[in-house]
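*Asks:* Following this message is one structure expressed as structure tokens.
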Amino acid sequence: MAIVTQPTPAVPTPPDRTTPPGAGPDAPVQLFRRPTGYSKGIWGWLTTVDHKKIGILYGVTAFIFFLIGGIEALLLRVQLGSPDNTFLSAEAYNQAFTMHGTTMVFLVIMPMSAAFANYLMPLMIGARDVAFPRLNAFSFWVFLVGGLFMYSSFFLGGAPNGGWFGYTPLTREMPGNNIDFWVFGLQILGIASLSGAVNLIVTTINMRAPGMSLMRMPIFVWMSLVAQFLLLFAMPVITVALVLLTFDRQFATNFFNVEAGADPLLWQHLFWLFGHPEVYILILPAMGIVSEVLPVFSRKPLFGYQVMVFSGIAIGFMGWGVWVHHMFATGLGPVATSAFAASTMFIAVPTGVKIFNWLSTLWRGKIRLTTPFLFAVGFVTMFTIGGLSGVTHAVVPSDTQQTDTYYIVAHFHYVLFGGSMFGLFAGIYFWHPKVTGRMLSETLGKLHFWLMLIGFNMTFGPFHILGLQGMPRRVYTYPAGKGWDFWNFIATLGSFVIAASIAVFILNLWKSRRNAHVGPDPWDARTLEWSIPSPPPEYNFAEIPLVTARDDVWHRKYTEDDQGRPVLREGMQAGAPIGAHVEAKHPPAGADDGEEGPGGPLSGDAAPPDAEDPSGEQGGSGHEVPEAEHAEEEPHIHMPSPSYWPAFSAVGLAVLCYGVMYKTWIVAVLGAVWILGGFYAWALEPATAPEEPELETPDTETTDEHATVSAPGSHE
Amino acid sequence: MGVAARRQGRPKGRAYLLATTLLLTLAGCAENAPQDFLEPEGPVARRIDDLQDPVFIVAGLVFLLVEGLILFAVIKFRDRPGRPEPEQVHGNTRLEVGWTLLPALILFVIAVPTIKAIFDLSEKDPGALQVTVTGHQFWWEYRYEESGVVSANELVMPTGRPVELTLESVDVIHSYWVPKLAGKTDVIPGRTNRMSFEAERPGTYQGQCTEFCGLSHANMRNVAVAMSPADFDQWLADQKRPAATPSDGSPAAEGLQLFNGRGCSGCHRVEGVSEGNIGPNLTHFASRGTFAGSIFENNPEDLRTWLRDPEAAKPGNLMKIPGAPLSPDEITKLIAYLETLN
């Protein structure tokens with residue numbers, strides 16, 4: 001399949017090796033003209049197969065869903081702000097909490113992590129794209145279709161209302177289509193996750209640059225890889241559960257029909273066998289981000305890299321053996337609960353190791369208190385709280401008191417908001433200059449951080465107390481006199497502080513479009529993505545780098561003195577110190593959305609620093625690699641061509657699901673044909689359009705030589 | 001009291017709000033929280049509390065240690081002018097082995113009493129009072145196995161004697177919980193779970209359903225009423241009596257006619273009057289302190305609210321009054337009848 005530009009073994013190959021075998025014959029099926037080249041505008045986005053544009057699409061979409069899920073949360077908090085409140089009806093509240101949970105898990109944290117993995121993983125391993133670029137586009141469009149499908153329920157009779165883990169038999173018996181939207185929506189989203197997981201696993205394993213051994217991979221790539229494997233094995237489990245529930249609801253089968261002898265615990269086992277690895281799917285990428293950010297701003301390597309890798313893998317494995325701790329109150333008997341109590345306690349060990357290693361990374365560093373650093377430390381501190389309350393749940397008798405109360409709600413918000421979301425925000429602030437070429441404001445960033453930290457603790461800290469005072473989760477109302485009034489009121493105030501912090505973030509994003517351009521390496525960072533221009537050119541690397549060390553870019557810049565302290569290599573420049581680039585002037589390239597070609601100077605010694613581009617000069621140190629380190633030089637870079645078919649096929653899934661849900665079989669058949677037709681056209685379409693001329697001459701003169709995209713690259 | 005204080009606070013501006021907030025903070029600490037399981041009132045809940053308190057302390061100490069070290073590192077090692085480049089430390093095997101083993105050791109120390117408690121709490125007391133609890137959307141039914149007494153929402157129990165509950169559900173999954181007396185156990189259709197607990201002192205202990213069970217999950221509450229063994233025996237004896245019959249011509253007698261005529265009897269059982277078995281058994285309704293999933297006090301005012309529009313009072317409940325809504329006059333008579341059922 002379409003490994004478009006293969007990094008070859010460490011031995012440099014002759015320049016003409018890229019002539020693909022067996023490429024060439026015109027595509028026999030072309031229903032309409034293929035989008036050409038690196039198209040701009042809406043069609044460029046709809047048909048893109050560039051992992052960076054897809055990453056941006058993932059990120060922007062997930063952020064919009066984050067706002068929607070946040071509004072749902074505010075509605076919940078207003079309703080619970082005072083006892084006996086009637087702001088929301090019971091039905092509205094149940095829909096809001098179901099959609100809040102489902103949205104934040106499946107439409108925010110997972111795709112936001114996918115955004116980082118998509119955008120960064122190829123850059124970090126020195127690849128030009130993912131292994132299957134069109135499958136990558138397909139993943140995104142399926143995700144978007146799944147999200148829109150689920151949200152269309154609000155206009156078609158009411159949103160899902162059975163809770164995010166949809167326990168049967170309740171969800172089997174609930175009338176209306178609410179639950180069907182949830183079931184089919186998750187099924188569609190599962191397809192997106194699975195195809196994305198396969199793609200990213202293959203990319204990581206097969207497309208690393210020469211010298212990028214597994215133990216030289218950036219820790220973010222490692223953690224994402226573990227998360228993708230978890231996805232690969234966990235999604236089928238919930239797929240099975242959802243298929244059974246679909247058959248029960250649509251075709252009156254009896255998988256969960258208690259009257260026919262079904263055991264409701266089947267659903268719980270299936271759901272949590274998926275659901276607990278899912279928790280690690282949500283947290284591991286954020287852990288990876290934090291493990292990248294802390295070393296950069298401590299100016300020290302990650303403490304105990306190997307242990308960090310292996311603890312991540314250990315978490316991945318152990319994550320499969322703890323699912324019953326979601327079911328301690330179901331009466332499974334003392335032997336089973338004891339076993340899972342022990343496994344749940346011991347999964348805290350690799351997690352604890354990570355926390356101590358992060359701490360040691362900071363220890364005796366030279367810490368720059370930048371916004372990404374603050375968010376990363378916020379992650380460590382808040383996640384520690386969530387981890388500790390997690391240990392208290394492992395004490396089964398205590399858990400029978402704590403479970404399904406606000407104490408649990410506090411716990412998983414400390415893990416998923418204080419953990420995952422803080423980590424993801426650290427990543428957004430850290431890589432924003434790479435993605436857009438422009439910095440976010442540090443002032444607004446810090447305001448965002450402190451507001452969010454305060455608001456977060458004000459909202460979710462009191463949840464601990466409320467839980468211990470016996471307030472159950474998922475109640476749309478509570479009477480006065482339970483002693484819960486005060487802390488609920490505080491929590492509601494806190495939720496608005498969080499909302500204010502997000503408003504500051506949006507303002508920061510909005511204002512950043514006018515910020516000056518930065519060079520490739522504004523943070524003086526460590527990994528490969530900082531060796532190429534910001535934003536990166538379509539083909540990422542003009543030459544596939546030869547990797548000689550972990551944190552390769554750092555070691556290109558720095559050597560160590562006899563005390564083990566970093567010393568700048570001769571002729572090298574540290575990355576631009578923060579603030580320096582603000583003065584830098586740059587021609588208005590307008591590349592902040594990553595839409596156009598490379599804006600900055602090319603990496604590699606073939607590209608002399610652009611005299612008109614001071615920012616390039618400033619930060620351009622990292623890429624001045626001695627010639628010997630080039631793995632290969634390619635005169636032509638073959639990038640895959642855009643395609644309509646991934647988006648086209650994805651839409652068919654929604655058509656199919658609407659058809660089945662409304663028992664309109666003609667629509668269902670249309671949907672199936674739609675998908676199959678899309679796949680057929682996709683399969684017969686070569687990865688690179690044969691008739692394509694040189695697609696795009698990047699507007700920077702210096703890059704012409706390398707950026708020429710020539711005729712058929714390969715086949716997919 | 002919290003609500004009252006805040007209601008006053010609203011019109012009076014910011015200073016007052018601040019004062020009220022402070023007051024509420026103090027009140028929040030002292031306020032009576034009837035479902036607070038950190039203050040147990042029975043041996044099972046106390047056993048759990050004794051187990052979790054040390055875990056909270058250990059977790060608190062680890063919290064202080066880790067967060068303290070992080071804050072210290074961030075402040076102490078932050079970049080200041082003249083700070084030299086740091087030494088490039090890549091790891092330290094001995095340290096890393098240390099902080100792998102240390103948490104493992106702490107967790108092992110926690111695991112041992114945990115597992116002991118799990119087994120201890122699963123033991124049964126042969127002398128326990130046997131009660132079958134059935135979960136319904138959205139109320140609880142109790143059947144006292146030895147005496148055949150059936151009641152709803154309020155678990156009446158003697159002090160000083162364990163109660164063993166056999167948990168069943170007729171519809172979806174619920175979870176039975178009286179926080180001051182014991183942890184929760186799920187009530188799962190098609191399965192039979194058991195839980196037991198004991199109250200030490202007479203009193204009323206609040207609880208509620210803790211597994212999301214549909215629209216009015218929040219309105220599915222329960223109460224355990226513990227009384228001295230003598231009072232409990234008296235209560236059982238009272239419950240075994242047949243239902244009261246209102247005297248002819250009284251409003252209650254008209255209420256009885258309405259009970260049969262307006263469809264109540266189709267769902268509710270009153271011994272000797274009706275055979276319904278969908279809603280709660282009302283034979284001794286007036287002896288209960290609460291009704292409708294324990295969200296209402298059993299008094300004429302609350303009964304009126306309920307009978308006027310059950311759907312508004314408790315969304316999604318199954319009580320559908322056939323035909324026209326009950327008129328105020330009909331409601332008065334029905335209440336009169338219900339009040340005789342003690």
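Following the order of the structure tokens, first chain is A, next is B, and so on, with residues numbered from 1 inside each chain and ligands from 1 in the order they appear.
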With only C-alpha atoms considered, list every residue of chain B at most 6 Å from chain A, as a ChimeraX atom specification.
*Replies:* /B:31-36,48,52,59,73,77-79,85-88,90-91,100,104,114-115,118-119,172,183-186,190,210,218
*Asks:* With C-alpha atoms retained, export the selected residues as a PDB file, in the first residue's frame.
*Replies:*
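Everything below was put into part_16.pdb:
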```pdb
ATOM      1  CA  GLU B  31     -24.308  21.176  58.701  1.00  0.00           C
ATOM      2  CA  ASN B  32     -26.095  17.918  59.134  1.00  0.00           C
ATOM      3  CA  ALA B  33     -25.509  15.737  56.111  1.00  0.00           C
ATOM      4  CA  PRO B  34     -27.818  12.756  56.508  1.00  0.00           C
ATOM      5  CA  GLN B  35     -26.029  10.717  53.832  1.00  0.00           C
ATOM      6  CA  ASP B  36     -22.479  11.458  54.989  1.00  0.00           C
ATOM      7  CA  ILE B  48     -15.778   0.412  56.070  1.00  0.00           C
ATOM      8  CA  GLN B  52     -10.928   3.935  54.500  1.00  0.00           C
ATOM      9  CA  ALA B  59      -3.190   9.251  50.353  1.00  0.00           C
ATOM     10  CA  ALA B  73      11.213  21.994  42.336  1.00  0.00           C
ATOM     11  CA  PHE B  77      14.950  25.400  40.073  1.00  0.00           C
ATOM     12  CA  ARG B  78      13.274  28.059  38.003  1.00  0.00           C
ATOM     13  CA  ASP B  79      15.450  29.968  35.603  1.00  0.00           C
ATOM     14  CA  GLU B  85      22.838  25.058  32.465  1.00  0.00           C
ATOM     15  CA  PRO B  86      21.705  21.941  34.298  1.00  0.00           C
ATOM     16  CA  GLU B  87      23.578  18.713  34.377  1.00  0.00           C
ATOM     17  CA  GLN B  88      22.104  16.331  31.823  1.00  0.00           C
ATOM     18  CA  HIS B  90      19.301  10.691  32.172  1.00  0.00           C
ATOM     19  CA  GLY B  91      18.112   8.600  35.059  1.00  0.00           C
ATOM     20  CA  THR B 100       8.774   1.435  42.062  1.00  0.00           C
ATOM     21  CA  ALA B 104       4.179  -1.275  45.687  1.00  0.00           C
ATOM     22  CA  THR B 114      -8.795  -4.600  52.210  1.00  0.00           C
ATOM     23  CA  ILE B 115      -9.039  -8.229  51.232  1.00  0.00           C
ATOM     24  CA  ILE B 118     -13.980  -7.972  51.731  1.00  0.00           C
ATOM     25  CA  PHE B 119     -14.233 -11.501  53.091  1.00  0.00           C
ATOM     26  CA  VAL B 172     -33.791  -2.166  35.334  1.00  0.00           C
ATOM     27  CA  GLY B 183     -22.094   0.530  51.267  1.00  0.00           C
ATOM     28  CA  LYS B 184     -24.274   0.077  48.245  1.00  0.00           C
ATOM     29  CA  THR B 185     -25.166  -3.096  46.424  1.00  0.00           C
ATOM     30  CA  ASP B 186     -26.585  -3.169  42.925  1.00  0.00           C
ATOM     31  CA  GLY B 190     -32.416 -11.596  36.775  1.00  0.00           C
ATOM     32  CA  THR B 210     -27.356   5.072  43.076  1.00  0.00           C
ATOM     33  CA  ALA B 218     -33.015  11.293  41.302  1.00  0.00           C
TER      34      ALA B 218
END
```
*Asks:* Do you know which residues are at most 12 Å from Lys52 of chain A counting only C-alpha atoms, after dropping those on the same chain fewer than 5 positions away, and could you put them as a PyMOL selection string?
*Replies:* chain A and resi 45+57-59+114-123+127-130+133+136-137+140+434-436+529+534-540+593-597
*Asks:* Atoms to include: N, CA and C atoms. Write the selected residues as a compact mmCIF listing (two decimals), in the first residue's frame.
*Replies:*
```txt
# COMPACT_ATOMS: atom_id res chain seq x y z
N TRP A 45 -9.42 21.35 1.98
CA TRP A 45 -9.63 20.69 3.27
C TRP A 45 -10.44 19.42 3.13
N LEU A 57 -7.61 19.45 11.23
CA LEU A 57 -9.06 19.22 11.18
C LEU A 57 -9.54 18.50 12.45
N TYR A 58 -8.80 17.48 12.84
CA TYR A 58 -9.14 16.77 14.07
C TYR A 58 -9.17 17.75 15.26
N GLY A 59 -8.13 18.55 15.36
CA GLY A 59 -8.01 19.43 16.52
C GLY A 59 -9.12 20.46 16.56
N ALA A 114 -5.92 12.26 18.91
CA ALA A 114 -5.68 11.85 17.53
C ALA A 114 -5.09 13.01 16.73
N ALA A 115 -5.52 14.23 17.05
CA ALA A 115 -4.98 15.39 16.34
C ALA A 115 -3.48 15.48 16.56
N PHE A 116 -3.06 15.34 17.82
CA PHE A 116 -1.62 15.43 18.11
C PHE A 116 -0.87 14.27 17.46
N ALA A 117 -1.45 13.07 17.57
CA ALA A 117 -0.77 11.91 17.01
C ALA A 117 -0.62 12.07 15.50
N ASN A 118 -1.70 12.51 14.85
CA ASN A 118 -1.68 12.69 13.41
C ASN A 118 -0.66 13.72 12.99
N TYR A 119 -0.70 14.83 13.67
CA TYR A 119 0.16 15.93 13.26
C TYR A 119 1.61 15.62 13.58
N LEU A 120 1.84 15.10 14.78
CA LEU A 120 3.21 15.05 15.28
C LEU A 120 3.94 13.76 15.01
N MET A 121 3.20 12.64 15.04
CA MET A 121 3.93 11.38 14.98
C MET A 121 4.82 11.29 13.73
N PRO A 122 4.30 11.58 12.53
CA PRO A 122 5.20 11.52 11.37
C PRO A 122 6.36 12.50 11.48
N LEU A 123 6.08 13.69 12.01
CA LEU A 123 7.16 14.66 12.14
C LEU A 123 8.22 14.18 13.12
N ALA A 127 9.09 11.10 9.17
CA ALA A 127 8.39 10.58 7.99
C ALA A 127 7.71 11.73 7.25
N ARG A 128 7.33 11.48 6.01
CA ARG A 128 6.70 12.55 5.24
C ARG A 128 5.19 12.50 5.37
N ASP A 129 4.65 11.38 5.71
CA ASP A 129 3.21 11.29 5.94
C ASP A 129 2.96 10.00 6.70
N VAL A 130 1.69 9.72 6.94
CA VAL A 130 1.38 8.44 7.57
C VAL A 130 1.40 7.36 6.50
N PRO A 133 -2.37 7.53 3.76
CA PRO A 133 -2.90 8.90 3.87
C PRO A 133 -4.40 9.00 3.64
N ASN A 136 -6.26 7.79 6.55
CA ASN A 136 -6.18 8.80 7.58
C ASN A 136 -7.31 9.83 7.40
N ALA A 137 -7.47 10.29 6.15
CA ALA A 137 -8.57 11.23 5.88
C ALA A 137 -9.90 10.57 6.21
N PHE A 140 -10.75 10.70 9.86
CA PHE A 140 -11.27 11.98 10.31
C PHE A 140 -12.71 12.17 9.88
N LYS A 434 4.62 25.65 16.03
CA LYS A 434 5.03 24.72 14.95
C LYS A 434 3.94 24.62 13.90
N VAL A 435 2.69 24.54 14.37
CA VAL A 435 1.58 24.30 13.45
C VAL A 435 1.25 25.55 12.64
N THR A 436 1.27 26.70 13.30
CA THR A 436 0.83 27.91 12.63
C THR A 436 1.98 28.83 12.27
N GLU A 529 10.63 17.46 14.93
CA GLU A 529 9.72 18.42 14.30
C GLU A 529 10.25 19.85 14.40
N SER A 534 8.37 26.30 10.45
CA SER A 534 7.05 26.42 11.08
C SER A 534 6.20 27.35 10.24
N PRO A 535 5.08 26.96 9.71
CA PRO A 535 4.59 25.58 9.68
C PRO A 535 5.42 24.72 8.74
N PRO A 536 5.38 23.43 8.95
CA PRO A 536 6.19 22.55 8.11
C PRO A 536 5.68 22.54 6.67
N PRO A 537 6.59 22.33 5.74
CA PRO A 537 6.14 22.20 4.36
C PRO A 537 5.33 20.93 4.18
N GLU A 538 4.65 20.86 3.05
CA GLU A 538 3.75 19.73 2.81
C GLU A 538 4.47 18.41 2.98
N TYR A 539 5.71 18.37 2.56
CA TYR A 539 6.45 17.10 2.55
C TYR A 539 7.29 16.92 3.82
N ASN A 540 7.11 17.80 4.78
CA ASN A 540 7.78 17.73 6.09
C ASN A 540 9.28 17.91 5.99
N ASP A 593 -2.96 28.89 9.00
CA ASP A 593 -3.82 27.72 9.02
C ASP A 593 -3.14 26.52 8.38
N GLY A 594 -1.92 26.68 8.06
CA GLY A 594 -1.20 25.55 7.52
C GLY A 594 -1.63 25.19 6.12
N GLU A 595 -2.41 26.06 5.52
CA GLU A 595 -3.02 25.67 4.26
C GLU A 595 -2.04 25.71 3.10
N GLU A 596 -1.16 26.65 3.16
CA GLU A 596 -0.31 26.75 1.99
C GLU A 596 1.03 26.10 2.21
N GLY A 597 1.82 26.23 1.21
CA GLY A 597 3.10 25.56 1.20
C GLY A 597 4.03 26.11 2.25
```
*Asks:* Hey, which of A:Gly147, A:Gly101, A:Gly41, A:Gly176 ends up closest to Phe412 of chain A? Count only C-alpha atoms.
*Replies:* A:Gly101
*Asks:* Which one is closest to Glu330 of chain B: B:Leu256, B:Ala182, B:Val223, B:Leu51? Count only C-alpha atoms.
*Replies:*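 With only C-alpha atoms as the atom set, the closest residue is B:Leu256.
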*Asks:* Give the alpha helix (DSSP H) residues of segment 217-337 of chain B, as assigned by DSSP on the backbone, as JSON, numbers by chain.
*Replies:* {"B": [229, 230, 231, 232, 233, 234, 235, 236, 237, 238, 239, 240, 251, 252, 253, 254, 255, 256, 257, 258, 259, 260, 261, 264, 265, 266, 267, 300, 301, 302, 303, 304, 305, 306, 307, 308, 310, 311, 312, 313, 328, 329, 330, 331, 332, 333, 334, 335, 336, 337]}
*Asks:* Deliver the residues from the most recent selection as a file, using N, CA and C atoms, as a tab-separated table (two decimals), in the first residue's frame.
*Replies:*
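Full text of part33.tsv as output:
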```tsv
chain	number	residue	atom	x	y	z
B	229	PRO	N	-36.30	-3.16	69.46
B	229	PRO	CA	-36.95	-4.44	69.11
B	229	PRO	C	-38.41	-4.49	69.53
B	230	ALA	N	-38.73	-3.91	70.68
B	230	ALA	CA	-40.13	-3.94	71.13
B	230	ALA	C	-41.01	-3.14	70.18
B	231	ASP	N	-40.54	-1.93	69.84
B	231	ASP	CA	-41.31	-1.11	68.89
B	231	ASP	C	-41.45	-1.82	67.56
B	232	PHE	N	-40.36	-2.48	67.16
B	232	PHE	CA	-40.41	-3.16	65.87
B	232	PHE	C	-41.45	-4.28	65.89
B	233	ASP	N	-41.48	-5.05	66.98
B	233	ASP	CA	-42.48	-6.11	67.07
B	233	ASP	C	-43.89	-5.54	67.01
B	234	GLN	N	-44.08	-4.40	67.69
B	234	GLN	CA	-45.37	-3.75	67.65
B	234	GLN	C	-45.71	-3.33	66.22
B	235	TRP	N	-44.69	-2.78	65.55
B	235	TRP	CA	-44.91	-2.34	64.16
B	235	TRP	C	-45.32	-3.51	63.28
B	236	LEU	N	-44.62	-4.65	63.46
B	236	LEU	CA	-44.95	-5.82	62.65
B	236	LEU	C	-46.39	-6.26	62.93
B	237	ALA	N	-46.74	-6.24	64.21
B	237	ALA	CA	-48.10	-6.66	64.58
B	237	ALA	C	-49.13	-5.73	63.93
B	238	ASP	N	-48.84	-4.45	63.95
B	238	ASP	CA	-49.76	-3.49	63.32
B	238	ASP	C	-49.88	-3.74	61.82
B	239	GLN	N	-48.74	-4.05	61.21
B	239	GLN	CA	-48.74	-4.24	59.76
B	239	GLN	C	-49.51	-5.49	59.36
B	240	LYS	N	-49.60	-6.43	60.30
B	240	LYS	CA	-50.30	-7.68	59.95
B	240	LYS	C	-51.80	-7.53	60.04
B	251	PRO	N	-66.12	11.12	54.71
B	251	PRO	CA	-65.36	11.44	53.50
B	251	PRO	C	-64.44	10.30	53.12
B	252	ALA	N	-63.92	9.59	54.15
B	252	ALA	CA	-63.02	8.49	53.85
B	252	ALA	C	-63.74	7.38	53.09
B	253	ALA	N	-64.99	7.15	53.43
B	253	ALA	CA	-65.75	6.12	52.72
B	253	ALA	C	-65.94	6.52	51.26
B	254	GLU	N	-66.20	7.81	51.03
B	254	GLU	CA	-66.29	8.27	49.64
B	254	GLU	C	-64.94	8.12	48.95
B	255	GLY	N	-63.88	8.36	49.73
B	255	GLY	CA	-62.54	8.18	49.18
B	255	GLY	C	-62.29	6.75	48.76
B	256	LEU	N	-62.78	5.81	49.55
B	256	LEU	CA	-62.63	4.39	49.20
B	256	LEU	C	-63.32	4.10	47.88
B	257	GLN	N	-64.53	4.69	47.71
B	257	GLN	CA	-65.24	4.48	46.45
B	257	GLN	C	-64.43	5.04	45.27
B	258	LEU	N	-63.84	6.22	45.52
B	258	LEU	CA	-63.01	6.80	44.46
B	258	LEU	C	-61.79	5.93	44.18
B	259	PHE	N	-61.24	5.38	45.26
B	259	PHE	CA	-60.08	4.51	45.13
B	259	PHE	C	-60.37	3.37	44.15
B	260	ASN	N	-61.57	2.84	44.27
B	260	ASN	CA	-61.95	1.78	43.35
B	260	ASN	C	-62.42	2.34	42.01
B	261	GLY	N	-63.14	3.48	42.07
B	261	GLY	CA	-63.77	4.01	40.85
B	261	GLY	C	-62.80	4.74	39.94
B	264	CYS	N	-57.38	3.61	41.01
B	264	CYS	CA	-56.26	3.39	41.93
B	264	CYS	C	-56.08	1.90	42.22
B	265	SER	N	-57.21	1.24	42.39
B	265	SER	CA	-57.17	-0.16	42.82
B	265	SER	C	-56.56	-1.07	41.76
B	266	GLY	N	-56.50	-0.59	40.53
B	266	GLY	CA	-55.91	-1.42	39.47
B	266	GLY	C	-54.44	-1.68	39.70
B	267	CYS	N	-53.79	-0.76	40.35
B	267	CYS	CA	-52.34	-0.89	40.53
B	267	CYS	C	-51.94	-1.09	41.98
B	300	PRO	N	-51.11	15.76	54.28
B	300	PRO	CA	-52.16	16.08	53.30
B	300	PRO	C	-51.67	17.04	52.20
B	301	GLU	N	-50.83	17.96	52.59
B	301	GLU	CA	-50.37	18.95	51.61
B	301	GLU	C	-49.57	18.27	50.49
B	302	ASP	N	-48.59	17.45	50.89
B	302	ASP	CA	-47.77	16.76	49.89
B	302	ASP	C	-48.60	15.76	49.09
B	303	LEU	N	-49.54	15.10	49.76
B	303	LEU	CA	-50.40	14.15	49.04
B	303	LEU	C	-51.21	14.88	47.97
B	304	ARG	N	-51.65	16.08	48.31
B	304	ARG	CA	-52.43	16.87	47.35
B	304	ARG	C	-51.57	17.20	46.13
B	305	THR	N	-50.33	17.65	46.39
B	305	THR	CA	-49.43	17.94	45.28
B	305	THR	C	-49.26	16.72	44.39
B	306	TRP	N	-49.06	15.61	45.02
B	306	TRP	CA	-48.81	14.37	44.28
B	306	TRP	C	-50.03	13.97	43.46
B	307	LEU	N	-51.20	13.95	44.10
B	307	LEU	CA	-52.38	13.43	43.40
B	307	LEU	C	-52.85	14.39	42.31
B	308	ARG	N	-52.54	15.67	42.47
B	308	ARG	CA	-52.97	16.63	41.47
B	308	ARG	C	-52.30	16.32	40.14
B	310	PRO	N	-49.20	13.66	39.24
B	310	PRO	CA	-48.05	12.81	39.59
B	310	PRO	C	-46.89	12.97	38.62
B	311	GLU	N	-47.20	13.17	37.35
B	311	GLU	CA	-46.14	13.27	36.35
B	311	GLU	C	-45.28	14.50	36.60
B	312	ALA	N	-45.93	15.61	36.99
B	312	ALA	CA	-45.15	16.81	37.26
B	312	ALA	C	-44.31	16.64	38.52
B	313	ALA	N	-44.88	15.91	39.50
B	313	ALA	CA	-44.17	15.76	40.76
B	313	ALA	C	-43.01	14.80	40.63
B	328	PRO	N	-60.18	18.70	42.94
B	328	PRO	CA	-59.78	18.97	44.33
B	328	PRO	C	-60.64	18.22	45.33
B	329	ASP	N	-61.92	18.12	45.02
B	329	ASP	CA	-62.82	17.43	45.94
B	329	ASP	C	-62.47	15.94	46.02
B	330	GLU	N	-62.24	15.36	44.87
B	330	GLU	CA	-61.87	13.94	44.84
B	330	GLU	C	-60.57	13.71	45.61
B	331	ILE	N	-59.62	14.65	45.41
B	331	ILE	CA	-58.34	14.51	46.10
B	331	ILE	C	-58.53	14.55	47.61
B	332	THR	N	-59.37	15.49	48.07
B	332	THR	CA	-59.61	15.59	49.51
B	332	THR	C	-60.15	14.28	50.05
B	333	LYS	N	-61.09	13.69	49.33
B	333	LYS	CA	-61.69	12.45	49.81
B	333	LYS	C	-60.69	11.30	49.78
B	334	LEU	N	-59.90	11.24	48.71
B	334	LEU	CA	-58.90	10.18	48.65
B	334	LEU	C	-57.90	10.30	49.79
B	335	ILE	N	-57.50	11.54	50.06
B	335	ILE	CA	-56.56	11.75	51.16
B	335	ILE	C	-57.20	11.30	52.48
B	336	ALA	N	-58.46	11.62	52.63
B	336	ALA	CA	-59.15	11.20	53.85
B	336	ALA	C	-59.11	9.68	53.99
B	337	TYR	N	-59.34	9.00	52.86
B	337	TYR	CA	-59.29	7.53	52.91
B	337	TYR	C	-57.88	7.06	53.23
```
*Asks:* Extract the full set of strand (DSSP E or B) residues from segment 319-490 of chain A according to DSSP on the backbone, and format it as a PyMOL selection string.
*Replies:* chain A and resi 367+405+438+472
*Asks:* Which residues come within 7 Å of Val170 of chain B, counting only C-alpha atoms, excluding same-chain residues fewer than 5 positions away, as a PyMOL selection string?
*Replies:* chain B and resi 134-136+189
*Asks:* Could those residues be written to a file, using N, CA and C atoms, as a compact mmCIF listing (two decimals), in the first residue's frame?
*Replies:*
```
# COMPACT_ATOMS: atom_id res chain seq x y z
N THR B 134 -37.32 -5.17 46.55
CA THR B 134 -37.52 -5.20 45.11
C THR B 134 -37.45 -3.77 44.57
N GLY B 135 -36.58 -3.58 43.60
CA GLY B 135 -36.45 -2.27 42.97
C GLY B 135 -37.47 -2.11 41.86
N HIS B 136 -38.15 -0.96 41.87
CA HIS B 136 -39.08 -0.61 40.81
C HIS B 136 -38.68 0.78 40.33
N PRO B 189 -31.91 -6.96 37.75
CA PRO B 189 -32.95 -7.90 37.33
C PRO B 189 -32.32 -9.20 36.84
```
*Asks:* Counting only C-alpha atoms, what is within 8 Å of segment 214-231 of chain A, bar same-chain residues fewer than 4 positions away, as a count of residues only?
*Replies:* 35
